[in-house]
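J.: After the structure tokens below, expect a handful of questions from me.
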Amino acid sequence: MNKPYVYVTRKLPEELLTRFKGNLDLHMWESETEPVPPEVLKQELEKADGVLTTLTDQVDDQLLDHSSHLKVVANMAVGFDNIDVDSAEKRNVIVTNTPDVLTDTTADLAFTLLTAAARRVVEAAEYVKEGRWGKWSPFLLAGSDVHHKKLGIVGMGRIGEAVAKRAKGFEMDVAYYNRTRKIEAEEEIGVRYESFDNLIESSDFVMCLVPLTKETTKLFNKEVFKKMKHSSIFINVSRGATVDEDDLYAALQSGEIKGAGLDVFENEPISSSHPLLSLKQVVCLPHIGSASIDTREAMITLCLENLSNVLSGKEAVTPVN
């Protein structure tokens, strides 16, 4: 009996694949850094029973229309806005993601980004490297306090709750806005629900953790930034398209808000000439929210488990649809 044909869109460590080779016929793109070309992905999916994708791989209706053998798409991310889930469902293709295993790691990065932006850590490190550290002065690279300040979290999913727990360790006042209230989180963590406008207007730090949907695309725009405190700092660890980057740049340049910490961008990777990179009050990272070795290995393993399960007639571990 032939093993199911599975295509992996990035080069992954062989040692993580070994235990799955007994029941999966695994084929892999040759590069870890370069994305698989669309034409190659199309050719592979014409014969594949399953595919392991990353968030840069677009699996749309047209591609699915040429994937008659496909039974499962295992996306190596929590988000799945790169997959046309409705089209997959119409074709009885299971879509899976990797929740939970990256929650704490991403929350660590989100809070790191918050503190780095607040205390001007990157700017200060460059200041030393450039040999500019001369005499001491009272307000040399003075930043914003994090402790006892108000953090407003927009999008209270697993990562939002994990960030809130970390913020409580800094004795922050934590509020959140979400489509639905999380009463259990309010009781367990000690956070409170607020309206979107009240949260935006009163928070010292505003963190975006919403999934990318039609409703959240460019959720943070000129009107929203105008409502924020002039001393506030904006953090985005969700998806770049939830923010109007032109409006964010204008708000930062004019002093409508004080700073920003960004791990995601509308078009990735961003150009080194991107306007946001010219602002010293902005910390920009290359989408590394879940990028610890332990977590990335766990994400890959979970994807392979989903593929193996579905293609052997079992239930997916973490199905989206």
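Scheme for the structure tokens: letters A, B, ... for chains in order shown; per-chain residue numbers from 1; ligand numbers from 1 in order shown.
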Taking the backbone alone, and naming residues the way the document does, which bits of stretch 128-278 of chain A are strand (DSSP E or B) by DSSP, as a PyMOL selection string?
T.: chain A and resi 150-154+173-177+192-193+205-208+220+233-236+243+259-262
J.: For stretch 195-256 of chain A against stretch 108-112 of chain A, with a cut-off of 10 Å and counting only C-alpha atoms, what is the closest atom pair and its distance in Å to one decimal for every residue that makes the cut, ordered by chain and number, as a tab-separated table?
T.:
residue	atom	partner	partner_atom	distance
A:Met207	CA	A:Ala110	CA	8.4
A:Cys208	CA	A:Ala110	CA	9.7
A:Leu209	CA	A:Ala110	CA	9.3
A:Ile235	CA	A:Ala110	CA	7.7
A:Asn236	CA	A:Ala110	CA	8.0
A:Val237	CA	A:Ala110	CA	6.2
A:Ser238	CA	A:Ala110	CA	9.6
J.: With only C-alpha atoms as the counted atoms, please give the residues lying no more than 6 Å from A:Ser290, apart from itself and same-chain residues fewer than 2 positions off, as a list in words.
T.: Leu102, Thr105, Thr106, Ile288 and Ser292 of chain A
J.: Using only C-alpha atoms, which residue out of A:Leu113, A:Ala298, A:Glu14, A:Asp60 lies closest to A:Asp263?
T.: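 Distance minimum relative to A:Asp263 lands on A:Leu113.
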J.: Would you write out, as a Markdown table, a table of all residues in stretch 14-100 of chain A that have an atom no more than 7 Å from an atom of stretch 300-308 of chain A, listing for each the closest atom pair and the distance in Å to one decimal, considering only C-alpha atoms and ordering rows by chain and rising residue number?
T.:
| residue | atom | partner | partner_atom | distance |
| --- | --- | --- | --- | --- |
| A:Leu16 | CA | A:Thr301 | CA | 6.8 |
| A:Leu24 | CA | A:Ser308 | CA | 7.0 |
| A:Gly50 | CA | A:Leu307 | CA | 6.5 |
| A:Leu52 | CA | A:Cys303 | CA | 6.7 |
| A:Val72 | CA | A:Leu307 | CA | 6.6 |
| A:Ala74 | CA | A:Cys303 | CA | 5.3 |
| A:Asn75 | CA | A:Cys303 | CA | 6.8 |
| A:Met76 | CA | A:Cys303 | CA | 6.4 |
| A:Thr96 | CA | A:Asn306 | CA | 7.0 |
| A:Thr98 | CA | A:Leu302 | CA | 6.6 |
J.: Go ahead and write the selection's residues with N, CA, C and O atoms as a short mmCIF file (atom, residue, chain, number, x, y, z; two decimals), in the first residue's frame.
T.:
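The resulting result_17.cif:
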data_model
loop_
_atom_site.label_atom_id
_atom_site.label_comp_id
_atom_site.auth_asym_id
_atom_site.auth_seq_id
_atom_site.Cartn_x
_atom_site.Cartn_y
_atom_site.Cartn_z
N LEU A 16 13.18 15.81 13.00
CA LEU A 16 11.78 15.98 13.36
C LEU A 16 10.85 15.19 12.44
O LEU A 16 9.72 14.89 12.79
N LEU A 24 4.17 8.32 6.16
CA LEU A 24 3.99 9.43 5.24
C LEU A 24 5.13 9.47 4.23
O LEU A 24 6.30 9.29 4.59
N GLY A 50 -1.52 15.66 1.43
CA GLY A 50 -1.44 16.61 2.54
C GLY A 50 -0.32 17.59 2.31
O GLY A 50 0.62 17.30 1.55
N LEU A 52 2.13 20.68 4.46
CA LEU A 52 2.51 21.45 5.64
C LEU A 52 2.91 22.84 5.15
O LEU A 52 3.89 22.98 4.43
N VAL A 72 -5.73 17.37 3.59
CA VAL A 72 -5.42 18.13 4.81
C VAL A 72 -4.33 19.17 4.54
O VAL A 72 -3.36 18.90 3.84
N ALA A 74 -1.94 21.48 6.89
CA ALA A 74 -1.47 21.72 8.27
C ALA A 74 -0.66 23.01 8.26
O ALA A 74 0.46 23.05 7.73
N ASN A 75 -1.24 24.07 8.83
CA ASN A 75 -0.61 25.39 8.80
C ASN A 75 0.23 25.60 10.05
O ASN A 75 -0.27 25.48 11.18
N MET A 76 1.49 25.94 9.85
CA MET A 76 2.42 26.11 10.97
C MET A 76 2.30 27.53 11.54
O MET A 76 3.19 28.36 11.44
N THR A 96 -5.71 22.60 9.62
CA THR A 96 -5.31 22.59 11.03
C THR A 96 -4.32 23.72 11.28
O THR A 96 -3.70 24.24 10.36
N THR A 98 -1.68 25.58 14.76
CA THR A 98 -0.84 25.18 15.90
C THR A 98 -1.09 26.08 17.12
O THR A 98 -0.21 26.84 17.53
#
J.: Run DSSP on the backbone and tell me which residues of stretch 105-316 of chain A come out as helix (DSSP H, G or I); list them as a PyMOL selection string.
T.: chain A and resi 105-118+121-129+158-169+183-189+196-202+222-227+240-242+245-254+275-278+293-311
J.: Pick out the residues sitting within 12 Å of stretch 81-92 of chain A, and hand them over as a PDB file with N, CA, C and O atoms, in the first residue's frame; count only C-alpha atoms, and ignore anything fewer than 6 positions along from it in its own chain.
T.:
ATOM      1  N   VAL A  51      -0.405  18.746   2.953  1.00  0.00           N
ATOM      2  CA  VAL A  51       0.638  19.752   2.809  1.00  0.00           C
ATOM      3  C   VAL A  51       0.863  20.443   4.146  1.00  0.00           C
ATOM      4  O   VAL A  51      -0.082  20.720   4.889  1.00  0.00           O
ATOM      5  N   LEU A  52       2.127  20.679   4.460  1.00  0.00           N
ATOM      6  CA  LEU A  52       2.508  21.453   5.644  1.00  0.00           C
ATOM      7  C   LEU A  52       2.908  22.835   5.154  1.00  0.00           C
ATOM      8  O   LEU A  52       3.889  22.978   4.434  1.00  0.00           O
ATOM      9  N   THR A  53       2.132  23.844   5.528  1.00  0.00           N
ATOM     10  CA  THR A  53       2.353  25.210   5.045  1.00  0.00           C
ATOM     11  C   THR A  53       2.840  26.119   6.166  1.00  0.00           C
ATOM     12  O   THR A  53       2.657  25.841   7.347  1.00  0.00           O
ATOM     13  N   THR A  54       3.448  27.236   5.745  1.00  0.00           N
ATOM     14  CA  THR A  54       3.788  28.313   6.674  1.00  0.00           C
ATOM     15  C   THR A  54       2.890  29.495   6.345  1.00  0.00           C
ATOM     16  O   THR A  54       2.187  29.503   5.324  1.00  0.00           O
ATOM     17  N   LEU A  55       2.938  30.522   7.190  1.00  0.00           N
ATOM     18  CA  LEU A  55       2.007  31.636   7.007  1.00  0.00           C
ATOM     19  C   LEU A  55       2.269  32.445   5.747  1.00  0.00           C
ATOM     20  O   LEU A  55       1.438  33.252   5.329  1.00  0.00           O
ATOM     21  N   THR A  56       3.423  32.242   5.090  1.00  0.00           N
ATOM     22  CA  THR A  56       3.708  32.954   3.842  1.00  0.00           C
ATOM     23  C   THR A  56       3.152  32.230   2.615  1.00  0.00           C
ATOM     24  O   THR A  56       3.171  32.777   1.514  1.00  0.00           O
ATOM     25  N   ASP A  57       2.650  31.013   2.794  1.00  0.00           N
ATOM     26  CA  ASP A  57       2.101  30.237   1.678  1.00  0.00           C
ATOM     27  C   ASP A  57       0.609  30.532   1.541  1.00  0.00           C
ATOM     28  O   ASP A  57      -0.157  30.335   2.495  1.00  0.00           O
ATOM     29  N   GLN A  58       0.209  30.980   0.374  1.00  0.00           N
ATOM     30  CA  GLN A  58      -1.193  31.292   0.123  1.00  0.00           C
ATOM     31  C   GLN A  58      -1.889  30.084  -0.511  1.00  0.00           C
ATOM     32  O   GLN A  58      -1.547  29.672  -1.615  1.00  0.00           O
ATOM     33  N   VAL A  59      -2.861  29.540   0.216  1.00  0.00           N
ATOM     34  CA  VAL A  59      -3.645  28.420  -0.304  1.00  0.00           C
ATOM     35  C   VAL A  59      -5.049  28.941  -0.546  1.00  0.00           C
ATOM     36  O   VAL A  59      -5.891  28.982   0.347  1.00  0.00           O
ATOM     37  N   ASP A  60      -5.298  29.376  -1.792  1.00  0.00           N
ATOM     38  CA  ASP A  60      -6.574  30.010  -2.117  1.00  0.00           C
ATOM     39  C   ASP A  60      -7.474  29.067  -2.903  1.00  0.00           C
ATOM     40  O   ASP A  60      -7.140  27.900  -3.146  1.00  0.00           O
ATOM     41  N   ASP A  61      -8.620  29.602  -3.314  1.00  0.00           N
ATOM     42  CA  ASP A  61      -9.615  28.789  -4.006  1.00  0.00           C
ATOM     43  C   ASP A  61      -9.068  28.224  -5.313  1.00  0.00           C
ATOM     44  O   ASP A  61      -9.296  27.059  -5.639  1.00  0.00           O
ATOM     45  N   GLN A  62      -8.324  29.041  -6.047  1.00  0.00           N
ATOM     46  CA  GLN A  62      -7.776  28.597  -7.333  1.00  0.00           C
ATOM     47  C   GLN A  62      -6.783  27.451  -7.153  1.00  0.00           C
ATOM     48  O   GLN A  62      -6.794  26.478  -7.913  1.00  0.00           O
ATOM     49  N   LEU A  63      -5.945  27.562  -6.130  1.00  0.00           N
ATOM     50  CA  LEU A  63      -4.976  26.491  -5.875  1.00  0.00           C
ATOM     51  C   LEU A  63      -5.686  25.213  -5.432  1.00  0.00           C
ATOM     52  O   LEU A  63      -5.348  24.114  -5.884  1.00  0.00           O
ATOM     53  N   LEU A  64      -6.673  25.361  -4.579  1.00  0.00           N
ATOM     54  CA  LEU A  64      -7.422  24.196  -4.108  1.00  0.00           C
ATOM     55  C   LEU A  64      -8.166  23.517  -5.249  1.00  0.00           C
ATOM     56  O   LEU A  64      -8.389  22.303  -5.231  1.00  0.00           O
ATOM     57  N   ASP A  65      -8.551  24.317  -6.239  1.00  0.00           N
ATOM     58  CA  ASP A  65      -9.286  23.778  -7.381  1.00  0.00           C
ATOM     59  C   ASP A  65      -8.430  22.826  -8.201  1.00  0.00           C
ATOM     60  O   ASP A  65      -8.956  21.993  -8.946  1.00  0.00           O
ATOM     61  N   HIS A  66      -7.106  22.934  -8.056  1.00  0.00           N
ATOM     62  CA  HIS A  66      -6.180  22.051  -8.772  1.00  0.00           C
ATOM     63  C   HIS A  66      -5.555  21.007  -7.840  1.00  0.00           C
ATOM     64  O   HIS A  66      -4.512  20.433  -8.154  1.00  0.00           O
ATOM     65  N   SER A  67      -6.185  20.802  -6.706  1.00  0.00           N
ATOM     66  CA  SER A  67      -5.629  19.880  -5.696  1.00  0.00           C
ATOM     67  C   SER A  67      -6.637  18.785  -5.382  1.00  0.00           C
ATOM     68  O   SER A  67      -7.142  18.676  -4.265  1.00  0.00           O
ATOM     69  N   SER A  68      -6.918  17.980  -6.369  1.00  0.00           N
ATOM     70  CA  SER A  68      -8.001  16.994  -6.249  1.00  0.00           C
ATOM     71  C   SER A  68      -7.723  15.893  -5.229  1.00  0.00           C
ATOM     72  O   SER A  68      -8.648  15.264  -4.710  1.00  0.00           O
ATOM     73  N   HIS A  69      -6.440  15.632  -4.924  1.00  0.00           N
ATOM     74  CA  HIS A  69      -6.104  14.572  -3.969  1.00  0.00           C
ATOM     75  C   HIS A  69      -5.999  15.096  -2.527  1.00  0.00           C
ATOM     76  O   HIS A  69      -5.922  14.304  -1.585  1.00  0.00           O
ATOM     77  N   LEU A  70      -5.973  16.391  -2.382  1.00  0.00           N
ATOM     78  CA  LEU A  70      -5.660  17.000  -1.086  1.00  0.00           C
ATOM     79  C   LEU A  70      -6.740  16.719  -0.038  1.00  0.00           C
ATOM     80  O   LEU A  70      -7.929  16.906  -0.283  1.00  0.00           O
ATOM     81  N   LYS A  71      -6.281  16.283   1.131  1.00  0.00           N
ATOM     82  CA  LYS A  71      -7.203  15.980   2.233  1.00  0.00           C
ATOM     83  C   LYS A  71      -6.955  16.847   3.462  1.00  0.00           C
ATOM     84  O   LYS A  71      -7.847  17.014   4.291  1.00  0.00           O
ATOM     85  N   VAL A  72      -5.735  17.373   3.590  1.00  0.00           N
ATOM     86  CA  VAL A  72      -5.423  18.130   4.807  1.00  0.00           C
ATOM     87  C   VAL A  72      -4.331  19.168   4.538  1.00  0.00           C
ATOM     88  O   VAL A  72      -3.356  18.902   3.842  1.00  0.00           O
ATOM     89  N   VAL A  73      -4.561  20.371   5.091  1.00  0.00           N
ATOM     90  CA  VAL A  73      -3.563  21.444   5.086  1.00  0.00           C
ATOM     91  C   VAL A  73      -3.197  21.723   6.538  1.00  0.00           C
ATOM     92  O   VAL A  73      -4.044  22.145   7.333  1.00  0.00           O
ATOM     93  N   ALA A  74      -1.939  21.480   6.894  1.00  0.00           N
ATOM     94  CA  ALA A  74      -1.468  21.720   8.267  1.00  0.00           C
ATOM     95  C   ALA A  74      -0.656  23.009   8.261  1.00  0.00           C
ATOM     96  O   ALA A  74       0.459  23.054   7.734  1.00  0.00           O
ATOM     97  N   ASN A  75      -1.238  24.069   8.827  1.00  0.00           N
ATOM     98  CA  ASN A  75      -0.610  25.389   8.796  1.00  0.00           C
ATOM     99  C   ASN A  75       0.226  25.602  10.050  1.00  0.00           C
ATOM    100  O   ASN A  75      -0.270  25.480  11.177  1.00  0.00           O
ATOM    101  N   VAL A 210      -5.533  40.696  17.910  1.00  0.00           N
ATOM    102  CA  VAL A 210      -6.713  40.165  17.234  1.00  0.00           C
ATOM    103  C   VAL A 210      -6.310  39.316  16.025  1.00  0.00           C
ATOM    104  O   VAL A 210      -5.264  39.548  15.421  1.00  0.00           O
ATOM    105  N   PRO A 211      -7.140  38.346  15.643  1.00  0.00           N
ATOM    106  CA  PRO A 211      -6.898  37.642  14.384  1.00  0.00           C
ATOM    107  C   PRO A 211      -7.222  38.569  13.216  1.00  0.00           C
ATOM    108  O   PRO A 211      -7.973  39.541  13.376  1.00  0.00           O
ATOM    109  N   LEU A 212      -6.661  38.298  12.059  1.00  0.00           N
ATOM    110  CA  LEU A 212      -6.939  39.118  10.891  1.00  0.00           C
ATOM    111  C   LEU A 212      -8.219  38.633  10.211  1.00  0.00           C
ATOM    112  O   LEU A 212      -8.306  37.510   9.730  1.00  0.00           O
ATOM    113  N   THR A 213      -9.226  39.497  10.197  1.00  0.00           N
ATOM    114  CA  THR A 213     -10.504  39.225   9.539  1.00  0.00           C
ATOM    115  C   THR A 213     -10.908  40.477   8.764  1.00  0.00           C
ATOM    116  O   THR A 213     -10.222  41.504   8.812  1.00  0.00           O
ATOM    117  N   LYS A 214     -12.030  40.405   8.073  1.00  0.00           N
ATOM    118  CA  LYS A 214     -12.543  41.592   7.379  1.00  0.00           C
ATOM    119  C   LYS A 214     -12.796  42.719   8.372  1.00  0.00           C
ATOM    120  O   LYS A 214     -12.568  43.893   8.075  1.00  0.00           O
ATOM    121  N   THR A 216     -11.286  43.245  11.275  1.00  0.00           N
ATOM    122  CA  THR A 216     -10.098  43.775  11.963  1.00  0.00           C
ATOM    123  C   THR A 216      -9.058  44.355  11.010  1.00  0.00           C
ATOM    124  O   THR A 216      -8.068  44.916  11.463  1.00  0.00           O
ATOM    125  N   THR A 217      -9.260  44.227   9.702  1.00  0.00           N
ATOM    126  CA  THR A 217      -8.321  44.819   8.752  1.00  0.00           C
ATOM    127  C   THR A 217      -8.299  46.339   8.923  1.00  0.00           C
ATOM    128  O   THR A 217      -9.347  46.980   8.905  1.00  0.00           O
ATOM    129  N   SER A 238       0.043  40.717  16.239  1.00  0.00           N
ATOM    130  CA  SER A 238      -1.000  39.888  15.626  1.00  0.00           C
ATOM    131  C   SER A 238      -0.709  39.699  14.140  1.00  0.00           C
ATOM    132  O   SER A 238       0.037  38.803  13.763  1.00  0.00           O
ATOM    133  N   ARG A 239      -1.280  40.544  13.294  1.00  0.00           N
ATOM    134  CA  ARG A 239      -1.000  40.556  11.868  1.00  0.00           C
ATOM    135  C   ARG A 239      -0.831  42.007  11.438  1.00  0.00           C
ATOM    136  O   ARG A 239      -1.516  42.907  11.922  1.00  0.00           O
ATOM    137  N   GLY A 240       0.073  42.242  10.501  1.00  0.00           N
ATOM    138  CA  GLY A 240       0.380  43.600  10.085  1.00  0.00           C
ATOM    139  C   GLY A 240      -0.798  44.343   9.501  1.00  0.00           C
ATOM    140  O   GLY A 240      -0.934  45.560   9.680  1.00  0.00           O
ATOM    141  N   ALA A 241      -1.671  43.626   8.796  1.00  0.00           N
ATOM    142  CA  ALA A 241      -2.788  44.282   8.112  1.00  0.00           C
ATOM    143  C   ALA A 241      -3.874  44.773   9.065  1.00  0.00           C
ATOM    144  O   ALA A 241      -4.823  45.413   8.630  1.00  0.00           O
ATOM    145  N   THR A 242      -3.742  44.495  10.354  1.00  0.00           N
ATOM    146  CA  THR A 242      -4.698  45.056  11.319  1.00  0.00           C
ATOM    147  C   THR A 242      -4.423  46.536  11.557  1.00  0.00           C
ATOM    148  O   THR A 242      -5.204  47.214  12.232  1.00  0.00           O
ATOM    149  N   VAL A 310      -4.932  12.664  10.150  1.00  0.00           N
ATOM    150  CA  VAL A 310      -5.976  12.797   9.134  1.00  0.00           C
ATOM    151  C   VAL A 310      -5.780  11.791   8.006  1.00  0.00           C
ATOM    152  O   VAL A 310      -6.736  11.149   7.550  1.00  0.00           O
ATOM    153  N   PRO A 319      -7.984  20.862  14.663  1.00  0.00           N
ATOM    154  CA  PRO A 319      -8.661  21.271  13.422  1.00  0.00           C
ATOM    155  C   PRO A 319      -9.172  22.706  13.506  1.00  0.00           C
ATOM    156  O   PRO A 319      -9.593  23.166  14.571  1.00  0.00           O
ATOM    157  N   VAL A 320      -9.131  23.385  12.387  1.00  0.00           N
ATOM    158  CA  VAL A 320      -9.731  24.712  12.268  1.00  0.00           C
ATOM    159  C   VAL A 320     -11.165  24.591  11.789  1.00  0.00           C
ATOM    160  O   VAL A 320     -12.067  25.274  12.277  1.00  0.00           O
ATOM    161  N   ASN A 321     -11.392  23.692  10.783  1.00  0.00           N
ATOM    162  CA  ASN A 321     -12.743  23.517  10.218  1.00  0.00           C
ATOM    163  C   ASN A 321     -13.235  22.104  10.494  1.00  0.00           C
ATOM    164  O   ASN A 321     -12.469  21.205  10.840  1.00  0.00           O
TER     165      ASN A 321
END
J.: Please provide as a PyMOL selection string all residues within 8 Å of A:Gln281, with the sequence filter that same-chain residues fewer than 4 positions apart are discarded (counting only C-alpha atoms).
T.: chain A and resi 117+120+123+252+258-260
J.: So that I can see what lies close to stretch 174-182 of chain A, please list as a short mmCIF file (atom, residue, chain, number, x, y, z; two decimals) with C-alpha atoms, in the first residue's frame the residues with an atom at most 6 Å from it, counting only C-alpha atoms and leaving out residues fewer than 5 positions away in the same chain.
T.:
data_model
loop_
_atom_site.label_atom_id
_atom_site.label_comp_id
_atom_site.auth_asym_id
_atom_site.auth_seq_id
_atom_site.Cartn_x
_atom_site.Cartn_y
_atom_site.Cartn_z
CA LYS A 150 -2.43 50.62 32.23
CA LEU A 151 -2.22 47.96 29.53
CA GLY A 152 -5.15 47.70 27.15
CA ILE A 153 -5.28 44.39 25.28
CA VAL A 154 -7.39 44.26 22.10
CA GLY A 155 -8.12 40.60 21.41
CA MET A 156 -8.29 38.41 24.50
CA VAL A 191 -8.47 41.86 34.32
CA ARG A 192 -11.56 43.83 33.38
CA TYR A 193 -13.58 44.29 30.21
CA GLU A 194 -13.90 47.76 28.68
CA PHE A 196 -12.99 49.61 22.62
#
J.: Let me make sure I understand: among A:Arg119, A:Glu44, A:Phe225, A:Asp244, which one has the smallest atom-to-atom distance to A:Leu140 if we use only C-alpha atoms?
T.: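 Smallest separation from A:Leu140 among the options: A:Arg119.
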J.: Grab the atom CA of A:Ala316 to atom CA of A:Asp104 distance for me, in Å with one decimal place.
T.: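 The value is 22.6 Å.
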J.: Would you mind reading off the distance between atom CA of A:Gly169 and atom CA of A:Leu219, one decimal, in Å?
T.: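 So the answer is 28.8 Å.
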J.: If I take atom CA of A:Val101 and atom CA of A:Thr295, how far is one from the other in Å, to one decimal?
T.: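 Distance between the two atoms: 6.5 Å.
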J.: Select, from A:Leu279, A:Val163, A:Val206, A:Val93, the residue with the minimum atom-to-atom distance to A:Ser254, counting only C-alpha atoms.
T.: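 Between A:Leu279, A:Val163, A:Val206, A:Val93, the residue approaching A:Ser254 most closely is A:Leu279.
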